[in-house]
Amino acid sequence: MGKKGPVRIVSAWKGKYSYERMKRDLKRLAERYPGLLKLNTIGKTADGRAVFCMRMGNPKAETRILLQAGMHGREWLNTLFFMKMMEEGCVCCRTGHYQGRTYRELFQKTCFYILPMVNPDGVQISQFGVSGIRKKELRERLERMESGGWRRWKSNARGVDLNRNYSTGFGAKWAEGRKPGREEYPGCAPASEEETKALMRLVAMLEPDGVVNYHETGQLIYYAGENIVSETLHQLTGYPLCREKGPANGNFGDWLEIHKIPWCTVETCRGRAPVFRWQFPGLWRKNRSLLPALSAAFLQKGQKRA
């Protein structure tokens, strides 16, 4: 093991961060930190891949926060960030401090539910094209779609944009004429996709105190109403706040808003997704303290109420 501790599981990885690599790293992290992490599966995709959720912190804590990334296939760099962030949090739990509080105390007061890749089929398509899909019928259906290039694939394996598949604003006029595989195609009905259903079930079960959605790109934070989540992320990252003003369009944030759950959507990096790996250090520098920052903010809020 040596004086510097065990070799990191996630940080040394280079190249495309794939579903298979993520799955292996998730299992290794859960095995190395059994007192802090618990790996669960909340659903399966059309191509049979698991949608993983890592529980991190005290499962009996009053504060529950949900974090999700990788809802769009081409946005897998945020998955790598989530993975490295979880490992960093576990390492810091030994002796780390944040704003005068130990990481151990913060994770005792908060339980995080972290989904690093909501759309693993979409990531497979973005990284490997149609050959990344195992089921013949799905591959044949994908080949008939107008992809615009597999690298920039945004949807799941059924051609649905998961961030337009929620009931709030579903079926609006802007979606008329959209076809499977094209950006913002909402699906045939609200919550038609297994990934959407899995996330909705998780929210219903947890009743989280806050939800943070990670997307690319733009380096800004979308929100609907001022809340502790959006303000904490703004202070942490320096990304400007951008209030959503248009009508609901079936996205996850719209759905959270009608359920009165504080949320924000963080858009990382610059340019067009998928972004190049050289942007990762900047993403990491601005966002690396996400977990302790959220925990400290909710803890402070609770103390003010007491």
# chains A, B, ... in the order shown; residues from 1 in each chain; ligands from 1
$ closest_atom_pairs --of "stretch 51-141 of chain A" --to "stretch 265-268 of chain A" --cutoff "10 Å" --atoms "only C-alpha atoms" --output "JSON lines"
{"residue": "A:Gln68", "atom": "CA", "partner": "A:Thr265", "partner_atom": "CA", "distance": 9.7}
{"residue": "A:Ala69", "atom": "CA", "partner": "A:Val266", "partner_atom": "CA", "distance": 9.8}
{"residue": "A:Glu75", "atom": "CA", "partner": "A:Thr268", "partner_atom": "CA", "distance": 9.7}
{"residue": "A:Leu77", "atom": "CA", "partner": "A:Thr268", "partner_atom": "CA", "distance": 9.4}
{"residue": "A:Asn78", "atom": "CA", "partner": "A:Thr268", "partner_atom": "CA", "distance": 8.0}
$ residues_around --residues "A:Leu283" --least-positions-apart "2" --cutoff "10 Å" --atoms "only C-alpha atoms" --output "list in words"
Leu77, Asn78, Phe81, Gln219, Thr237, Thr268, Cys269, Arg270, Trp278, Gln279, Phe280, Pro281, Arg285, Lys286, Asn287 and Arg288 of chain A
$ residues_around --residues "A:Thr45" --least-positions-apart "5" --cutoff "7 Å" --atoms "only C-alpha atoms" --output "ChimeraX atom specification"
/A:50,121,194-195
$ write_last_selection --atoms "N, CA and C atoms" --output "PDB file, in the first residue's frame"
ATOM      1  N   ALA A  50     -27.215  -1.917 -17.050  1.00  0.00           N
ATOM      2  CA  ALA A  50     -27.720  -1.453 -15.760  1.00  0.00           C
ATOM      3  C   ALA A  50     -27.576   0.057 -15.641  1.00  0.00           C
ATOM      4  N   ASP A 121     -26.679   3.190 -22.855  1.00  0.00           N
ATOM      5  CA  ASP A 121     -26.805   2.810 -24.275  1.00  0.00           C
ATOM      6  C   ASP A 121     -26.393   3.970 -25.171  1.00  0.00           C
ATOM      7  N   GLU A 194     -37.315   3.236 -20.199  1.00  0.00           N
ATOM      8  CA  GLU A 194     -36.961   2.584 -18.936  1.00  0.00           C
ATOM      9  C   GLU A 194     -36.063   3.469 -18.076  1.00  0.00           C
ATOM     10  N   GLU A 195     -35.166   4.220 -18.707  1.00  0.00           N
ATOM     11  CA  GLU A 195     -34.279   5.096 -17.943  1.00  0.00           C
ATOM     12  C   GLU A 195     -35.073   6.183 -17.226  1.00  0.00           C
TER      13      GLU A 195
END
$ residues_around --residues "A:Arg272" --least-positions-apart "6" --cutoff "12 Å" --atoms "only C-alpha atoms" --output "list in words"
Arg74, Glu75, Arg151, Arg152, Trp153, Lys154, His215, Glu216, Thr217, Gly218, Gln219 and Gln279 of chain A
$ select_by_dssp --residues "stretch 21-249 of chain A" --states "helix (DSSP H, G or I)" --output "ChimeraX atom specification"
/A:21-32,77-92,103-109,120-132,136-143,150-152,162-164,173-175,194-206,228-237
$ residues_around --residues "stretch 130-142 of chain A" --least-positions-apart "3" --cutoff "7 Å" --atoms "only C-alpha atoms" --output "ChimeraX atom specification"
/A:47,124-125,145,157
$ write_last_selection --atoms "all heavy atoms" --output "PDB file, in the first residue's frame"
ATOM      1  N   ASP A  47     -31.072  -2.124 -24.155  1.00  0.00           N
ATOM      2  CA  ASP A  47     -30.022  -3.055 -24.580  1.00  0.00           C
ATOM      3  C   ASP A  47     -29.467  -3.859 -23.409  1.00  0.00           C
ATOM      4  O   ASP A  47     -28.431  -4.506 -23.541  1.00  0.00           O
ATOM      5  CB  ASP A  47     -28.895  -2.286 -25.272  1.00  0.00           C
ATOM      6  CG  ASP A  47     -28.063  -3.164 -26.198  1.00  0.00           C
ATOM      7  OD1 ASP A  47     -28.642  -4.055 -26.850  1.00  0.00           O
ATOM      8  OD2 ASP A  47     -26.831  -2.960 -26.269  1.00  0.00           O
ATOM      9  N   GLN A 124     -22.678   4.302 -25.276  1.00  0.00           N
ATOM     10  CA  GLN A 124     -22.116   3.275 -26.163  1.00  0.00           C
ATOM     11  C   GLN A 124     -22.177   3.707 -27.622  1.00  0.00           C
ATOM     12  O   GLN A 124     -21.215   3.550 -28.379  1.00  0.00           O
ATOM     13  CB  GLN A 124     -22.891   1.966 -26.006  1.00  0.00           C
ATOM     14  CG  GLN A 124     -22.533   1.152 -24.790  1.00  0.00           C
ATOM     15  CD  GLN A 124     -21.169   0.512 -24.893  1.00  0.00           C
ATOM     16  OE1 GLN A 124     -20.258   0.857 -24.136  1.00  0.00           O
ATOM     17  NE2 GLN A 124     -21.002  -0.401 -25.823  1.00  0.00           N
ATOM     18  N   ILE A 125     -23.310   4.277 -28.016  1.00  0.00           N
ATOM     19  CA  ILE A 125     -23.482   4.696 -29.409  1.00  0.00           C
ATOM     20  C   ILE A 125     -22.558   5.862 -29.728  1.00  0.00           C
ATOM     21  O   ILE A 125     -21.928   5.900 -30.790  1.00  0.00           O
ATOM     22  CB  ILE A 125     -24.957   5.063 -29.669  1.00  0.00           C
ATOM     23  CG1 ILE A 125     -25.848   3.829 -29.510  1.00  0.00           C
ATOM     24  CG2 ILE A 125     -25.122   5.648 -31.069  1.00  0.00           C
ATOM     25  CD1 ILE A 125     -27.324   4.131 -29.455  1.00  0.00           C
ATOM     26  N   MET A 145     -32.312   5.334 -38.636  1.00  0.00           N
ATOM     27  CA  MET A 145     -32.515   6.690 -38.125  1.00  0.00           C
ATOM     28  C   MET A 145     -31.517   7.651 -38.743  1.00  0.00           C
ATOM     29  O   MET A 145     -30.416   7.265 -39.147  1.00  0.00           O
ATOM     30  CB  MET A 145     -32.363   6.715 -36.592  1.00  0.00           C
ATOM     31  CG  MET A 145     -33.410   5.918 -35.854  1.00  0.00           C
ATOM     32  SD  MET A 145     -33.142   6.003 -34.055  1.00  0.00           S
ATOM     33  CE  MET A 145     -34.294   4.738 -33.497  1.00  0.00           C
ATOM     34  N   ALA A 157     -30.941   4.175 -26.896  1.00  0.00           N
ATOM     35  CA  ALA A 157     -30.864   3.218 -28.005  1.00  0.00           C
ATOM     36  C   ALA A 157     -32.153   3.148 -28.806  1.00  0.00           C
ATOM     37  O   ALA A 157     -32.174   2.564 -29.895  1.00  0.00           O
ATOM     38  CB  ALA A 157     -30.497   1.834 -27.478  1.00  0.00           C
TER      39      ALA A 157
END
$ closest_residue --among "A:Ser126, A:Asn213, A:Thr110, A:Thr95" --to "A:Asn58" --atoms "only C-alpha atoms"
A:Thr110
$ atom_distance --atom1 "atom CA of A:Glu183" --atom2 "atom CA of A:Arg144"
15.3 Å
$ closest_residue --among "A:Thr63, A:Glu257, A:Cys264, A:Pro6" --to "A:Leu220" --atoms "only C-alpha atoms"
A:Cys264
$ residues_around --residues "A:Asp254" --least-positions-apart "2" --cutoff "9 Å" --atoms "only C-alpha atoms" --output "short mmCIF file (atom, residue, chain, number, x, y, z; two decimals) with N, CA and C atoms, in the first residue's frame"
data_model
loop_
_atom_site.label_atom_id
_atom_site.label_comp_id
_atom_site.auth_asym_id
_atom_site.auth_seq_id
_atom_site.Cartn_x
_atom_site.Cartn_y
_atom_site.Cartn_z
N TYR A 166 -40.29 13.51 -20.07
CA TYR A 166 -41.11 13.67 -18.86
C TYR A 166 -42.44 14.33 -19.20
N SER A 167 -43.39 14.20 -18.30
CA SER A 167 -44.77 14.59 -18.58
C SER A 167 -44.98 16.10 -18.66
N THR A 168 -44.15 16.87 -17.96
CA THR A 168 -44.32 18.32 -17.93
C THR A 168 -43.94 18.94 -19.27
N GLY A 169 -44.93 19.40 -20.01
CA GLY A 169 -44.67 20.00 -21.32
C GLY A 169 -44.53 19.01 -22.44
N ALA A 224 -35.10 27.21 -12.04
CA ALA A 224 -36.43 27.80 -12.23
C ALA A 224 -36.77 28.79 -11.13
N ALA A 248 -42.58 24.75 -20.25
CA ALA A 248 -42.02 23.42 -19.98
C ALA A 248 -41.90 22.63 -21.27
N ASN A 249 -40.82 21.86 -21.39
CA ASN A 249 -40.60 21.09 -22.62
C ASN A 249 -40.30 19.62 -22.36
N GLY A 250 -40.77 19.12 -21.21
CA GLY A 250 -40.61 17.69 -20.94
C GLY A 250 -39.28 17.31 -20.32
N ASN A 251 -38.51 18.28 -19.85
CA ASN A 251 -37.22 17.91 -19.27
C ASN A 251 -37.35 17.55 -17.78
N PHE A 252 -36.29 16.96 -17.25
CA PHE A 252 -36.28 16.47 -15.88
C PHE A 252 -36.46 17.61 -14.88
N LEU A 256 -39.20 18.02 -11.90
CA LEU A 256 -38.83 18.24 -10.49
C LEU A 256 -39.52 19.49 -9.94
N GLU A 257 -39.64 20.51 -10.78
CA GLU A 257 -40.23 21.77 -10.34
C GLU A 257 -41.69 21.58 -9.91
N ILE A 258 -42.46 20.83 -10.67
CA ILE A 258 -43.87 20.65 -10.30
C ILE A 258 -44.01 19.76 -9.07
N HIS A 259 -42.95 19.01 -8.74
CA HIS A 259 -42.96 18.21 -7.53
C HIS A 259 -42.31 18.94 -6.35
#
$ select_by_dssp --residues "stretch 148-238 of chain A" --states "strand (DSSP E)" --output "tab-separated table (two decimals) with N, CA and C atoms, in the first residue's frame"
chain	number	residue	atom	x	y	z
A	210	GLY	N	-32.78	17.81	-2.55
A	210	GLY	CA	-32.26	18.56	-3.68
A	210	GLY	C	-31.77	17.63	-4.77
A	211	VAL	N	-31.79	18.12	-6.01
A	211	VAL	CA	-31.33	17.34	-7.16
A	211	VAL	C	-30.42	18.22	-8.01
A	212	VAL	N	-29.28	17.66	-8.41
A	212	VAL	CA	-28.35	18.38	-9.30
A	212	VAL	C	-28.17	17.55	-10.56
A	213	ASN	N	-28.44	18.17	-11.70
A	213	ASN	CA	-28.28	17.52	-13.00
A	213	ASN	C	-27.03	18.07	-13.69
A	214	TYR	N	-26.18	17.18	-14.15
A	214	TYR	CA	-24.98	17.62	-14.86
A	214	TYR	C	-25.11	17.32	-16.34
A	215	HIS	N	-24.92	18.37	-17.15
A	215	HIS	CA	-24.97	18.27	-18.61
A	215	HIS	C	-23.77	19.02	-19.19
A	216	GLU	N	-23.58	18.89	-20.49
A	216	GLU	CA	-22.60	19.66	-21.25
A	216	GLU	C	-23.35	20.28	-22.42
A	220	LEU	N	-22.74	27.21	-17.41
A	220	LEU	CA	-23.76	28.00	-16.72
A	220	LEU	C	-24.67	27.07	-15.95
A	221	ILE	N	-25.56	27.66	-15.16
A	221	ILE	CA	-26.46	26.89	-14.30
A	221	ILE	C	-27.90	27.30	-14.58
A	222	TYR	N	-28.71	26.35	-15.03
A	222	TYR	CA	-30.13	26.59	-15.23
A	222	TYR	C	-30.89	26.32	-13.93
A	223	TYR	N	-31.89	27.14	-13.68
A	223	TYR	CA	-32.74	26.93	-12.53
A	223	TYR	C	-34.08	27.59	-12.81
$ atom_distance --atom1 "atom CA of A:Leu67" --atom2 "atom CA of A:Leu115"
6.1 Å
$ residues_around --residues "A:Leu106" --least-positions-apart "2" --cutoff "10 Å" --atoms "only C-alpha atoms" --output "mmCIF file with N, CA, C and O atoms, in the first residue's frame"
data_model
loop_
_atom_site.group_PDB
_atom_site.id
_atom_site.type_symbol
_atom_site.label_atom_id
_atom_site.label_comp_id
_atom_site.auth_asym_id
_atom_site.auth_seq_id
_atom_site.Cartn_x
_atom_site.Cartn_y
_atom_site.Cartn_z
ATOM 1 N N GLY A 57 -22.476 7.991 1.859
ATOM 2 C CA GLY A 57 -22.767 8.696 3.101
ATOM 3 C C GLY A 57 -23.624 7.857 4.028
ATOM 4 O O GLY A 57 -23.702 6.628 3.898
ATOM 5 N N ASN A 58 -24.277 8.515 4.964
ATOM 6 C CA ASN A 58 -25.076 7.847 5.988
ATOM 7 C C ASN A 58 -26.499 7.624 5.485
ATOM 8 O O ASN A 58 -27.249 8.582 5.287
ATOM 9 N N CYS A 93 -12.376 11.417 3.410
ATOM 10 C CA CYS A 93 -13.110 11.067 4.623
ATOM 11 C C CYS A 93 -12.181 10.704 5.776
ATOM 12 O O CYS A 93 -12.578 10.745 6.929
ATOM 13 N N HIS A 97 -10.891 18.144 5.414
ATOM 14 C CA HIS A 97 -11.756 19.174 5.987
ATOM 15 C C HIS A 97 -12.313 20.055 4.874
ATOM 16 O O HIS A 97 -11.678 20.233 3.829
ATOM 17 N N TYR A 98 -13.486 20.604 5.115
ATOM 18 C CA TYR A 98 -14.080 21.570 4.191
ATOM 19 C C TYR A 98 -14.781 22.645 5.012
ATOM 20 O O TYR A 98 -15.701 22.354 5.775
ATOM 21 N N ARG A 101 -15.221 21.943 8.710
ATOM 22 C CA ARG A 101 -15.871 20.690 9.087
ATOM 23 C C ARG A 101 -15.123 19.522 8.454
ATOM 24 O O ARG A 101 -14.604 19.631 7.349
ATOM 25 N N THR A 102 -15.096 18.405 9.154
ATOM 26 C CA THR A 102 -14.449 17.230 8.583
ATOM 27 C C THR A 102 -15.369 16.595 7.544
ATOM 28 O O THR A 102 -16.599 16.690 7.643
ATOM 29 N N TYR A 103 -14.758 15.961 6.576
ATOM 30 C CA TYR A 103 -15.549 15.216 5.590
ATOM 31 C C TYR A 103 -16.367 14.132 6.293
ATOM 32 O O TYR A 103 -17.501 13.838 5.896
ATOM 33 N N ARG A 104 -15.790 13.524 7.307
ATOM 34 C CA ARG A 104 -16.499 12.464 8.023
ATOM 35 C C ARG A 104 -17.808 12.983 8.607
ATOM 36 O O ARG A 104 -18.856 12.332 8.521
ATOM 37 N N GLN A 108 -21.648 12.054 7.404
ATOM 38 C CA GLN A 108 -22.516 11.480 8.412
ATOM 39 C C GLN A 108 -23.874 12.180 8.424
ATOM 40 O O GLN A 108 -24.904 11.571 8.730
ATOM 41 N N LYS A 109 -23.883 13.453 8.036
ATOM 42 C CA LYS A 109 -25.103 14.252 8.061
ATOM 43 C C LYS A 109 -25.867 14.217 6.740
ATOM 44 O O LYS A 109 -26.992 14.706 6.656
ATOM 45 N N THR A 110 -25.240 13.689 5.694
ATOM 46 C CA THR A 110 -25.829 13.729 4.348
ATOM 47 C C THR A 110 -25.700 12.383 3.667
ATOM 48 O O THR A 110 -24.694 11.690 3.824
ATOM 49 N N CYS A 111 -26.695 12.015 2.903
ATOM 50 C CA CYS A 111 -26.599 10.826 2.062
ATOM 51 C C CYS A 111 -26.800 11.251 0.608
ATOM 52 O O CYS A 111 -27.818 11.864 0.272
ATOM 53 N N LEU A 291 -19.584 17.697 -3.478
ATOM 54 C CA LEU A 291 -20.199 16.942 -2.392
ATOM 55 C C LEU A 291 -20.103 17.662 -1.043
ATOM 56 O O LEU A 291 -21.129 17.875 -0.384
ATOM 57 N N PRO A 292 -18.920 18.051 -0.597
ATOM 58 C CA PRO A 292 -18.864 18.744 0.699
ATOM 59 C C PRO A 292 -19.561 20.099 0.688
ATOM 60 O O PRO A 292 -20.127 20.514 1.705
ATOM 61 N N ALA A 293 -19.557 20.781 -0.460
ATOM 62 C CA ALA A 293 -20.223 22.083 -0.539
ATOM 63 C C ALA A 293 -21.725 21.942 -0.336
ATOM 64 O O ALA A 293 -22.351 22.718 0.410
ATOM 65 N N LEU A 294 -22.331 20.960 -0.993
ATOM 66 C CA LEU A 294 -23.770 20.732 -0.826
ATOM 67 C C LEU A 294 -24.093 20.295 0.594
ATOM 68 O O LEU A 294 -25.052 20.775 1.208
ATOM 69 N N SER A 295 -23.296 19.377 1.129
ATOM 70 C CA SER A 295 -23.535 18.900 2.483
ATOM 71 C C SER A 295 -23.435 20.035 3.492
ATOM 72 O O SER A 295 -24.292 20.176 4.372
ATOM 73 N N ALA A 296 -22.400 20.867 3.371
ATOM 74 C CA ALA A 296 -22.211 21.984 4.299
ATOM 75 C C ALA A 296 -23.341 22.994 4.186
ATOM 76 O O ALA A 296 -23.802 23.550 5.196
ATOM 77 N N PHE A 298 -26.525 22.464 3.267
ATOM 78 C CA PHE A 298 -27.750 21.946 3.888
ATOM 79 C C PHE A 298 -27.611 21.872 5.401
ATOM 80 O O PHE A 298 -28.580 22.110 6.129
ATOM 81 N N LEU A 299 -26.409 21.549 5.874
ATOM 82 C CA LEU A 299 -26.187 21.493 7.318
ATOM 83 C C LEU A 299 -26.331 22.877 7.946
ATOM 84 O O LEU A 299 -26.957 23.037 8.985
#
$ atom_distance --atom1 "atom CA of A:Tyr19" --atom2 "atom CA of A:Pro120"
6.1 Å
$ closest_residue --among "A:Cys92, A:His72, A:Tyr113, A:Lys197" --to "A:Arg55" --atoms "only C-alpha atoms"
A:Tyr113
